[in-house]
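J.: So here's structure25.txt, just compact mmCIF, C-alpha atoms:
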```txt
# COMPACT_ATOMS: atom_id res chain seq x y z
CA MET A 1 0.00 0.00 0.00
CA THR A 2 1.24 3.50 -0.88
CA HIS A 3 1.31 5.85 2.13
CA GLY A 4 -0.74 3.34 4.10
CA HIS A 5 -3.58 3.05 1.61
CA ARG A 6 -4.52 1.58 -1.76
CA VAL A 7 -7.18 2.74 -4.25
CA LEU A 8 -8.95 0.27 -6.55
CA GLN A 9 -11.41 1.21 -9.33
CA ARG A 10 -14.55 -0.64 -10.53
CA VAL A 11 -14.31 -3.40 -7.93
CA PRO A 12 -16.48 -6.57 -8.19
CA LEU A 13 -18.06 -7.26 -4.80
CA ARG A 14 -19.28 -10.85 -5.02
CA SER A 15 -16.35 -12.16 -2.96
CA LEU A 16 -16.60 -9.24 -0.50
CA ASN A 17 -20.13 -9.93 0.79
CA THR A 18 -21.26 -13.14 2.45
CA PHE A 19 -24.53 -13.23 0.49
CA GLY A 20 -22.37 -13.67 -2.63
CA ILE A 21 -24.30 -10.98 -4.48
CA ASP A 22 -22.96 -9.67 -7.77
CA ALA A 23 -22.46 -5.93 -7.38
CA CYS A 24 -19.76 -3.44 -8.32
CA ALA A 25 -18.27 -0.53 -6.39
CA PRO A 26 -17.07 2.53 -8.30
CA ARG A 27 -14.00 2.72 -6.05
CA LEU A 28 -12.56 0.88 -3.04
CA VAL A 29 -10.05 2.49 -0.69
CA GLU A 30 -8.11 0.11 1.56
CA VAL A 31 -6.44 1.68 4.60
CA ALA A 32 -3.81 -0.07 6.71
CA ASP A 33 -3.29 2.72 9.27
CA ALA A 34 -6.22 4.72 10.67
CA ASP A 35 -3.90 7.70 11.15
CA ALA A 36 -4.16 8.17 7.38
CA LEU A 37 -7.90 8.91 7.53
CA PRO A 38 -7.67 12.70 8.12
CA ARG A 39 -5.38 13.06 5.11
CA LEU A 40 -7.61 10.88 2.93
CA LEU A 41 -10.69 12.84 3.97
CA ALA A 42 -8.98 16.12 3.06
CA SER A 43 -7.93 14.67 -0.32
CA GLY A 44 -11.50 13.84 -1.28
CA LEU A 45 -10.85 10.09 -1.54
CA LEU A 46 -13.45 9.44 1.17
CA GLY A 47 -16.21 11.24 -0.71
CA ASP A 48 -18.03 14.33 0.44
CA ALA A 49 -20.92 15.21 2.72
CA ALA A 50 -23.46 14.22 0.07
CA THR A 51 -21.88 10.86 -0.81
CA PRO A 52 -19.47 9.84 1.99
CA ALA A 53 -17.51 6.63 1.58
CA MET A 54 -19.28 3.60 3.04
CA VAL A 55 -17.25 1.37 5.34
CA LEU A 56 -17.07 -2.28 4.25
CA GLY A 57 -16.02 -4.77 6.90
CA GLY A 58 -16.43 -8.50 6.38
CA GLY A 59 -19.52 -7.94 4.23
CA SER A 60 -21.51 -10.19 6.58
CA ASN A 61 -24.15 -7.64 7.55
CA LEU A 62 -24.90 -6.21 4.11
CA LEU A 63 -27.38 -6.82 1.34
CA PHE A 64 -26.41 -5.24 -1.97
CA ALA A 65 -29.82 -4.71 -3.57
CA GLY A 66 -28.02 -2.68 -6.23
CA ASP A 67 -24.58 -1.29 -6.94
CA PRO A 68 -23.34 1.16 -4.29
CA ASP A 69 -23.29 4.74 -5.56
CA ARG A 70 -20.24 5.73 -3.55
CA THR A 71 -16.69 4.80 -2.64
CA LEU A 72 -16.23 1.87 -0.27
CA LEU A 73 -13.66 2.00 2.52
CA ARG A 74 -11.97 -1.01 4.10
CA LEU A 75 -9.87 -0.73 7.25
CA CYS A 76 -7.21 -3.42 7.19
CA GLY A 77 -5.41 -2.99 10.53
CA GLN A 78 -4.78 -6.37 12.19
CA ARG A 79 -3.18 -5.57 15.57
CA ILE A 80 -4.44 -7.13 18.81
CA ASP A 81 -2.75 -5.97 22.04
CA ILE A 82 -3.18 -6.28 25.77
CA VAL A 83 -3.08 -2.61 26.76
CA ASP A 84 -3.66 -2.91 30.53
CA ASP A 85 -3.12 -5.97 32.72
CA THR A 86 -2.88 -4.17 36.09
CA ASP A 87 -6.53 -4.36 37.16
CA PRO A 88 -7.15 -7.37 39.44
CA THR A 89 -10.48 -8.19 37.79
CA HIS A 90 -10.18 -7.18 34.14
CA VAL A 91 -7.67 -7.14 31.31
CA ARG A 92 -8.06 -4.48 28.64
CA VAL A 93 -7.57 -5.70 25.10
CA ARG A 94 -7.40 -3.44 22.03
CA ALA A 95 -8.11 -4.76 18.55
CA GLU A 96 -7.99 -2.84 15.29
CA ALA A 97 -11.09 -2.65 13.13
CA GLY A 98 -9.83 -4.97 10.40
CA VAL A 99 -9.36 -7.98 12.70
CA GLU A 100 -11.74 -10.83 11.94
CA TRP A 101 -14.19 -11.05 14.85
CA HIS A 102 -13.92 -14.82 15.40
CA ALA A 103 -10.12 -14.57 15.28
CA LEU A 104 -10.27 -12.09 18.18
CA VAL A 105 -12.54 -14.42 20.17
CA MET A 106 -10.19 -17.36 19.66
CA TRP A 107 -7.13 -15.21 20.46
CA SER A 108 -8.74 -14.07 23.73
CA LEU A 109 -9.54 -17.64 24.75
CA ALA A 110 -5.99 -18.74 23.93
CA GLN A 111 -4.79 -16.01 26.34
CA GLY A 112 -7.07 -17.42 29.07
CA LEU A 113 -9.39 -14.41 28.86
CA GLY A 114 -13.15 -14.80 29.20
CA GLY A 115 -15.98 -12.54 28.12
CA LEU A 116 -16.32 -13.02 24.37
CA GLU A 117 -16.84 -16.79 24.20
CA ASN A 118 -20.63 -16.61 23.70
CA LEU A 119 -19.95 -14.54 20.57
CA ALA A 120 -17.74 -17.14 18.88
CA LEU A 121 -18.09 -17.78 15.14
CA ILE A 122 -20.04 -14.61 14.41
CA PRO A 123 -18.84 -13.48 10.96
CA GLY A 124 -17.52 -9.99 10.34
CA THR A 125 -14.84 -7.71 11.72
CA VAL A 126 -14.05 -6.05 15.03
CA GLY A 127 -14.94 -2.67 13.55
CA ALA A 128 -18.47 -3.80 12.77
CA ALA A 129 -19.09 -5.36 16.19
CA PRO A 130 -19.96 -2.18 18.14
CA ILE A 131 -21.98 -0.72 15.26
CA GLN A 132 -24.44 -3.59 15.31
CA ASN A 133 -23.86 -4.34 19.00
CA ILE A 134 -23.59 -7.97 17.96
CA GLY A 135 -25.06 -10.50 20.34
CA ALA A 136 -25.56 -14.24 20.74
CA TYR A 137 -26.31 -16.80 23.44
CA GLY A 138 -27.24 -14.24 26.06
CA VAL A 139 -24.34 -11.79 25.60
CA GLU A 140 -24.08 -8.50 23.70
CA VAL A 141 -20.66 -7.16 22.77
CA GLY A 142 -21.51 -3.75 24.26
CA GLU A 143 -21.29 -5.34 27.71
CA ARG A 144 -17.57 -5.96 27.14
CA ILE A 145 -16.62 -2.72 25.38
CA VAL A 146 -14.95 0.05 27.36
CA VAL A 147 -13.74 2.30 24.52
CA VAL A 148 -14.42 2.65 20.82
CA GLU A 149 -11.88 4.59 18.79
CA ALA A 150 -13.56 6.36 15.91
CA PHE A 151 -12.76 8.89 13.20
CA ASN A 152 -15.32 11.69 13.02
CA ARG A 153 -15.85 12.82 9.44
CA ASP A 154 -17.48 16.08 10.54
CA ASP A 155 -14.38 17.47 12.25
CA GLY A 156 -11.72 15.18 10.77
CA ALA A 157 -10.52 14.04 14.22
CA LEU A 158 -9.88 10.67 15.83
CA ALA A 159 -11.69 10.29 19.17
CA ARG A 160 -12.00 7.80 22.02
CA LEU A 161 -15.61 7.17 23.03
CA ASP A 162 -16.35 5.48 26.35
CA HIS A 163 -19.04 2.84 26.82
CA ASP A 164 -21.82 5.26 27.70
CA ALA A 165 -21.06 7.52 24.74
CA CYS A 166 -21.61 4.57 22.40
CA ALA A 167 -25.31 4.41 23.40
CA PHE A 168 -25.60 0.66 22.94
CA ALA A 169 -29.06 -0.87 22.60
CA TYR A 170 -30.45 -4.10 21.15
CA ARG A 171 -28.62 -4.52 17.81
CA ASP A 172 -28.05 -0.79 17.84
CA SER A 173 -25.57 1.96 18.74
CA ARG A 174 -24.77 5.60 18.01
CA PHE A 175 -22.68 4.40 15.07
CA LYS A 176 -25.59 2.57 13.47
CA ARG A 177 -27.97 5.50 13.93
CA ALA A 178 -25.63 7.83 12.02
CA PRO A 179 -23.65 5.43 9.81
CA ASP A 180 -21.90 8.11 7.76
CA ARG A 181 -20.64 10.25 10.65
CA GLU A 182 -18.04 8.11 12.41
CA ILE A 183 -15.68 5.36 11.27
CA VAL A 184 -14.78 2.79 13.93
CA THR A 185 -11.02 2.26 13.83
CA ALA A 186 -10.35 0.13 16.95
CA VAL A 187 -12.14 -1.26 20.01
CA GLU A 188 -11.00 -1.85 23.60
CA PHE A 189 -12.60 -4.66 25.60
CA ALA A 190 -12.64 -5.49 29.32
CA LEU A 191 -12.03 -9.23 29.59
CA SER A 192 -11.32 -11.42 32.60
CA ARG A 193 -9.01 -14.22 33.70
CA HIS A 194 -11.66 -15.29 36.22
CA ALA A 195 -14.90 -14.84 34.28
CA GLN A 196 -18.03 -16.72 35.27
CA PRO A 197 -19.44 -18.20 32.05
CA ARG A 198 -22.89 -16.99 30.95
CA LEU A 199 -24.86 -20.21 30.50
CA GLY A 200 -28.50 -19.18 30.75
CA TYR A 201 -29.32 -19.17 27.04
CA ALA A 202 -31.47 -22.07 25.85
CA GLY A 203 -29.45 -24.96 24.48
CA LEU A 204 -26.04 -23.89 25.73
CA GLY A 205 -26.12 -25.87 28.97
CA GLU A 206 -27.44 -28.90 27.13
CA GLU A 207 -24.63 -28.71 24.61
CA LEU A 208 -22.01 -28.55 27.36
CA ALA A 209 -23.64 -31.53 29.06
CA ALA A 210 -23.50 -33.44 25.79
CA MET A 211 -19.80 -32.62 25.65
CA GLY A 212 -19.43 -34.15 29.14
CA ILE A 213 -18.47 -30.84 30.76
CA THR A 214 -19.92 -29.93 34.17
CA THR A 215 -17.65 -27.02 35.13
CA PRO A 216 -17.06 -25.20 31.86
CA SER A 217 -14.20 -22.82 31.20
CA PRO A 218 -14.66 -19.90 28.78
CA ALA A 219 -12.92 -22.01 26.12
CA ASP A 220 -15.44 -24.81 26.72
CA VAL A 221 -18.31 -22.37 26.29
CA GLY A 222 -16.72 -21.06 23.10
CA GLU A 223 -16.47 -24.59 21.72
CA ALA A 224 -20.11 -25.31 22.63
CA VAL A 225 -21.23 -22.11 20.86
CA ILE A 226 -19.20 -23.05 17.77
CA ARG A 227 -20.84 -26.48 17.66
CA LEU A 228 -24.32 -25.01 18.06
CA ARG A 229 -23.80 -22.37 15.38
CA ARG A 230 -22.35 -24.86 12.92
CA ARG A 231 -25.35 -27.13 13.36
CA LYS A 232 -27.99 -24.40 13.19
CA LEU A 233 -26.66 -21.85 10.72
CA PRO A 234 -25.53 -22.35 7.10
CA ASP A 235 -21.87 -21.69 6.32
CA PRO A 236 -21.54 -18.59 4.06
CA ALA A 237 -18.62 -20.33 2.34
CA ARG A 238 -21.07 -22.97 1.11
CA ILE A 239 -24.28 -21.01 0.62
CA GLY A 240 -24.59 -17.25 0.58
CA ASN A 241 -26.20 -15.69 3.64
CA ALA A 242 -25.80 -12.88 6.16
CA GLY A 243 -26.80 -14.82 9.25
CA SER A 244 -29.97 -13.68 10.97
CA PHE A 245 -31.78 -11.41 8.53
CA PHE A 246 -34.42 -10.08 10.95
CA LYS A 247 -34.11 -8.71 14.47
CA ASN A 248 -36.10 -10.37 17.20
CA PRO A 249 -38.96 -7.89 17.61
CA LEU A 250 -39.55 -6.01 20.85
CA VAL A 251 -43.23 -5.53 21.69
CA ALA A 252 -45.26 -4.22 24.61
CA THR A 253 -45.71 -6.80 27.37
CA VAL A 254 -49.49 -6.64 27.01
CA GLN A 255 -49.20 -7.48 23.29
CA ALA A 256 -46.77 -10.31 24.04
CA GLN A 257 -49.17 -11.81 26.59
CA ALA A 258 -52.08 -11.59 24.16
CA LEU A 259 -50.02 -13.37 21.49
CA LEU A 260 -48.96 -16.02 24.01
CA ALA A 261 -52.60 -16.67 24.92
CA ASP A 262 -53.35 -17.47 21.27
CA HIS A 263 -50.04 -19.22 20.58
CA PRO A 264 -48.80 -21.04 23.73
CA ASP A 265 -45.61 -22.23 21.98
CA LEU A 266 -44.44 -18.69 21.16
CA PRO A 267 -41.07 -18.07 22.88
CA LEU A 268 -40.85 -14.88 24.95
CA TYR A 269 -37.61 -13.37 26.25
CA PRO A 270 -36.77 -10.49 28.60
CA ALA A 271 -36.11 -7.20 26.84
CA GLY A 272 -34.35 -5.34 29.65
CA ASP A 273 -37.54 -3.31 30.12
CA PRO A 274 -40.49 -4.50 32.23
CA GLY A 275 -42.87 -2.89 29.76
CA ARG A 276 -41.61 -4.90 26.78
CA ARG A 277 -40.80 -8.47 25.75
CA LYS A 278 -38.66 -9.89 22.98
CA LEU A 279 -40.28 -12.33 20.55
CA SER A 280 -38.59 -14.99 18.43
CA ALA A 281 -38.56 -13.77 14.84
CA ALA A 282 -37.61 -17.27 13.71
CA TRP A 283 -40.73 -18.75 15.36
CA LEU A 284 -42.99 -16.13 13.75
CA ILE A 285 -41.47 -16.70 10.30
CA GLU A 286 -41.65 -20.49 10.59
CA ALA A 287 -45.27 -20.27 11.77
CA CYS A 288 -46.05 -18.41 8.53
CA GLY A 289 -44.62 -21.30 6.52
CA TRP A 290 -41.44 -19.69 5.19
CA LYS A 291 -38.81 -22.09 6.51
CA GLY A 292 -37.14 -23.79 3.54
CA HIS A 293 -39.07 -21.66 1.03
CA ARG A 294 -37.37 -20.95 -2.29
CA ASP A 295 -38.06 -18.57 -5.17
CA GLY A 296 -35.46 -19.37 -7.79
CA ASP A 297 -32.12 -18.88 -6.06
CA ALA A 298 -33.53 -16.64 -3.30
CA GLY A 299 -34.72 -18.60 -0.32
CA VAL A 300 -35.04 -19.20 3.39
CA SER A 301 -32.74 -21.70 5.06
CA ALA A 302 -34.29 -25.11 5.68
CA GLY A 303 -32.34 -25.24 8.93
CA HIS A 304 -33.19 -21.83 10.38
CA ALA A 305 -36.14 -19.66 9.42
CA LEU A 306 -34.31 -16.47 10.36
CA VAL A 307 -31.67 -16.91 7.65
CA LEU A 308 -32.22 -15.83 4.05
CA VAL A 309 -29.97 -17.64 1.58
CA ASN A 310 -28.62 -17.21 -1.92
CA HIS A 311 -28.66 -20.63 -3.57
CA GLY A 312 -26.33 -19.41 -6.30
CA ASP A 313 -27.25 -16.48 -8.49
CA ALA A 314 -30.00 -14.61 -6.69
CA SER A 315 -29.82 -10.86 -7.02
CA GLY A 316 -29.89 -8.64 -3.98
CA LEU A 317 -33.18 -7.20 -5.17
CA GLN A 318 -34.74 -10.70 -5.29
CA LEU A 319 -33.63 -11.35 -1.72
CA LEU A 320 -34.98 -7.97 -0.63
CA GLU A 321 -38.36 -8.67 -2.25
CA LEU A 322 -38.52 -12.05 -0.49
CA ALA A 323 -37.67 -10.41 2.85
CA VAL A 324 -40.47 -7.87 2.36
CA ARG A 325 -42.98 -10.64 1.62
CA ILE A 326 -41.94 -12.43 4.81
CA ARG A 327 -42.23 -9.20 6.78
CA ASP A 328 -45.70 -8.53 5.39
CA SER A 329 -47.00 -12.04 6.13
CA VAL A 330 -45.82 -11.90 9.76
CA ARG A 331 -47.39 -8.48 10.20
CA ALA A 332 -50.68 -9.67 8.67
CA ARG A 333 -50.91 -12.78 10.87
CA PHE A 334 -49.45 -11.59 14.18
CA GLY A 335 -49.57 -7.80 14.04
CA VAL A 336 -45.81 -7.70 14.62
CA ALA A 337 -43.41 -5.70 12.43
CA LEU A 338 -40.07 -7.30 11.61
CA GLU A 339 -37.00 -5.16 10.94
CA PRO A 340 -33.92 -6.26 8.98
CA GLU A 341 -30.55 -6.64 10.66
CA PRO A 342 -28.31 -6.14 7.60
CA ARG A 343 -27.67 -2.75 6.07
CA ILE A 344 -29.44 -2.59 2.71
CA VAL A 345 -27.48 -0.84 -0.04
CA GLY A 346 -28.87 0.21 -3.40
CA ALA A 347 -32.56 0.18 -2.40
CA ALA A 348 -34.76 1.26 0.50
CA TRP A 349 -36.50 -0.97 3.02
CA PRO A 350 -40.19 -0.20 2.32
CA ALA A 351 -42.56 0.92 5.06
```
Let me see the file written as structure tokens.
T.:
Amino acid sequence: MTHGHRVLQRVPLRSLNTFGIDACAPRLVEVADADALPRLLASGLLGDAATPAMVLGGGSNLLFAGDPDRTLLRLCGQRIDIVDDTDPTHVRVRAEAGVEWHALVMWSLAQGLGGLENLALIPGTVGAAPIQNIGAYGVEVGERIVVVEAFNRDDGALARLDHDACAFAYRDSRFKRAPDREIVTAVEFALSRHAQPRLGYAGLGEELAAMGITTPSPADVGEAVIRLRRRKLPDPARIGNAGSFFKNPLVATVQAQALLADHPDLPLYPAGDPGRRKLSAAWLIEACGWKGHRDGDAGVSAGHALVLVNHGDASGLQLLELAVRIRDSVRARFGVALEPEPRIVGAAWPA
């Protein structure tokens, strides 16, 4: 890379998104050192206020429903460091945005550090993790984050944002609410050498028992999560997908109880708010008959109703149209609105 960055023109994106969608970017800027961002912004390589460059991580939380109309930016920094090991309860670990998320989880477990094991095998990069506030098996990454380093395009400065400033919520954060304002460049996590594993999520304890483990270490929990995910979710290397396509909807407790009265098998989960409950989007979608459905090469996984799949040559627009039909059928039957998890590029999510 010249001066810490590389510029590519007319870049095919099929291999850069886990759905395997054919799309083309007008320009891709790869950056090895985040310190180069102010200079690149001033040069115009990162677009302007009207069409700012869009950050592309692992491409695992994107649906290209059309070609992007702007430059794409990839942060390629790969450093992982222990930055503070003096606290008796926590170790602070800093990882640059370009690090593969699962690689960070496995690195932390190899160091004897707990806290991220429930998030094993989630595709994507470290830089994307706080944006989406990724979560799985009863843990959200925001719980472990102490600082997010981000480049603010408005003032051209690099800043350190503490946990509260990140405004984490369910699959949400300040970065997701204003995706073109800040670029996540690195993340610091508080991990532990003496962590108590989080085992309350359905299926996790059973998997550990099946492994013959009664007193699990964080590494054991990580292995159990990997086994569960490999059984339940299709591998993007074999069939294109972006993992869970819909968020689990949050509804008022009174609505949740009314739905439960009519559908006793409907799973309900705490939402961190006594006035609301979290529903299982997968259950709602499967109840509407979508599991395993296929329209040409656009379909729904036969193994998990929450996962839309590209059987080969589906376009992003075909997958988007299928997602909207699923959304509409769930709303018509249950009165519940589903929202997509991935960022949709090249088209709008209809009301």
J.: Between A:Cys76, A:Val91, A:Val307, A:Ala65, which is the closest to Trp349 (chain A) once you count only C-alpha atoms?
T.: A:Ala65
J.: What would the list of residues within 7 Å of (-30.4, -18.5, 7.3) (file frame) look like as a compact mmCIF listing (two decimals) with C-alpha atoms, keeping the file's coordinate frame, if only C-alpha atoms are what count?
T.:
```txt
# COMPACT_ATOMS: atom_id res chain seq x y z
CA LEU A 233 -26.66 -21.85 10.72
CA PRO A 234 -25.53 -22.35 7.10
CA ASN A 241 -26.20 -15.69 3.64
CA GLY A 243 -26.80 -14.82 9.25
CA SER A 244 -29.97 -13.68 10.97
CA VAL A 300 -35.04 -19.20 3.39
CA SER A 301 -32.74 -21.70 5.06
CA HIS A 304 -33.19 -21.83 10.38
CA ALA A 305 -36.14 -19.66 9.42
CA LEU A 306 -34.31 -16.47 10.36
CA VAL A 307 -31.67 -16.91 7.65
CA LEU A 308 -32.22 -15.83 4.05
CA VAL A 309 -29.97 -17.64 1.58
```
J.: Determine the nearest neighbour of His90 (chain A) from the options A:Arg193, A:Arg181, A:Arg153, A:His311, counting all atoms listed in the file.
T.: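 The answer is A:Arg193, which sits nearest to His90 (chain A).
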J.: Measuring between all atoms listed in the file, which one of A:Ala195, A:Leu208, A:Leu72, A:Leu284 shows the shortest distance to Leu56 (chain A)?
T.: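 The answer is A:Leu72, which sits nearest to Leu56 (chain A).
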J.: What's around Arg331 (chain A) at 12 Å? Count only C-alpha atoms, leave out sequence neighbours fewer than 6 positions away in its own chain, and write the answer as a ChimeraX atom specification.
T.: /A:249,281,284-285,288,324-325,337-339,351
J.: Within 8 Å of (-17.6, 4.3, 3.9) in the file's own coordinates, which protein, DNA or RNA residues have an atom, counting all atoms listed in the file? List them as a PyMOL selection string.
T.: chain A and resi 46+52-56+71-74+180+183
J.: Rounded to one decimal in Å, what is the spacing between CA of Arg144 (chain A) and CA of Ala165 (chain A)?
T.: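 According to the coordinates, CA of Arg144 (chain A) and CA of Ala165 (chain A) are separated by 14.1 Å.
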J.: Quick check, in Å to one decimal: how far apart do CA of Arg231 (chain A) and CA of Thr18 (chain A) lie?
T.: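 CA of Arg231 (chain A) sits 18.2 Å away from CA of Thr18 (chain A).
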J.: Quick one: of A:Glu188, A:Ala120, A:Leu260, A:Gly98, who's nearest to Ile82 (chain A), counting all atoms listed in the file?
T.: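 Residue with the minimum atom-to-atom distance to Ile82 (chain A): A:Glu188.
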J.: Determine, counting only C-alpha atoms, which protein, DNA and RNA residues have an atom within 10 Å of an atom of Val105 (chain A); residues of the same chain fewer than 3 positions away are not included. Present the result as a PyMOL selection string.
T.: chain A and resi 100-102+108-110+113-122+126+219+222
J.: Could you tell me how far CA of Ala95 (chain A) lies from CA of Leu191 (chain A), in Å and to one decimal?
T.: 12.5 Å
J.: Which residue, A:Lys232, A:Arg70, A:Arg39, A:His194, has the smallest gap to Val345 (chain A) when you use only C-alpha atoms?
T.: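 Among the listed residues, A:Arg70 lies closest to Val345 (chain A).
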J.: Here is a test: counting all atoms listed in the file, which residue of A:Pro264, A:Pro123, A:Gln196, A:Ala271 is nearest to Ala169 (chain A)?
T.: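 That would be A:Ala271, the residue with the smallest distance to Ala169 (chain A).
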J.: Return the padded bounding box of region 313-318 of chain A as AutoDock Vina command-line options: axis-aligned, built from all atoms listed in the file, 8 Å added on each side, with centre and edge lengths in Å to one decimal.
T.:
```
--center_x -31.0 --center_y -11.8 --center_z -6.2 --size_x 23.5 --size_y 25.3 --size_z 20.5
```
J.: Would you list the contacts of Leu250 (chain A) as a list in words, taking every protein, DNA or RNA residue within 8 Å and counting all atoms listed in the file, but skipping same-chain residues closer than 6 positions in sequence?
T.: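 After dropping sequence-adjacent residues, the list is Ala271, Arg276, Arg277, Lys278 and Leu279 of chain A.
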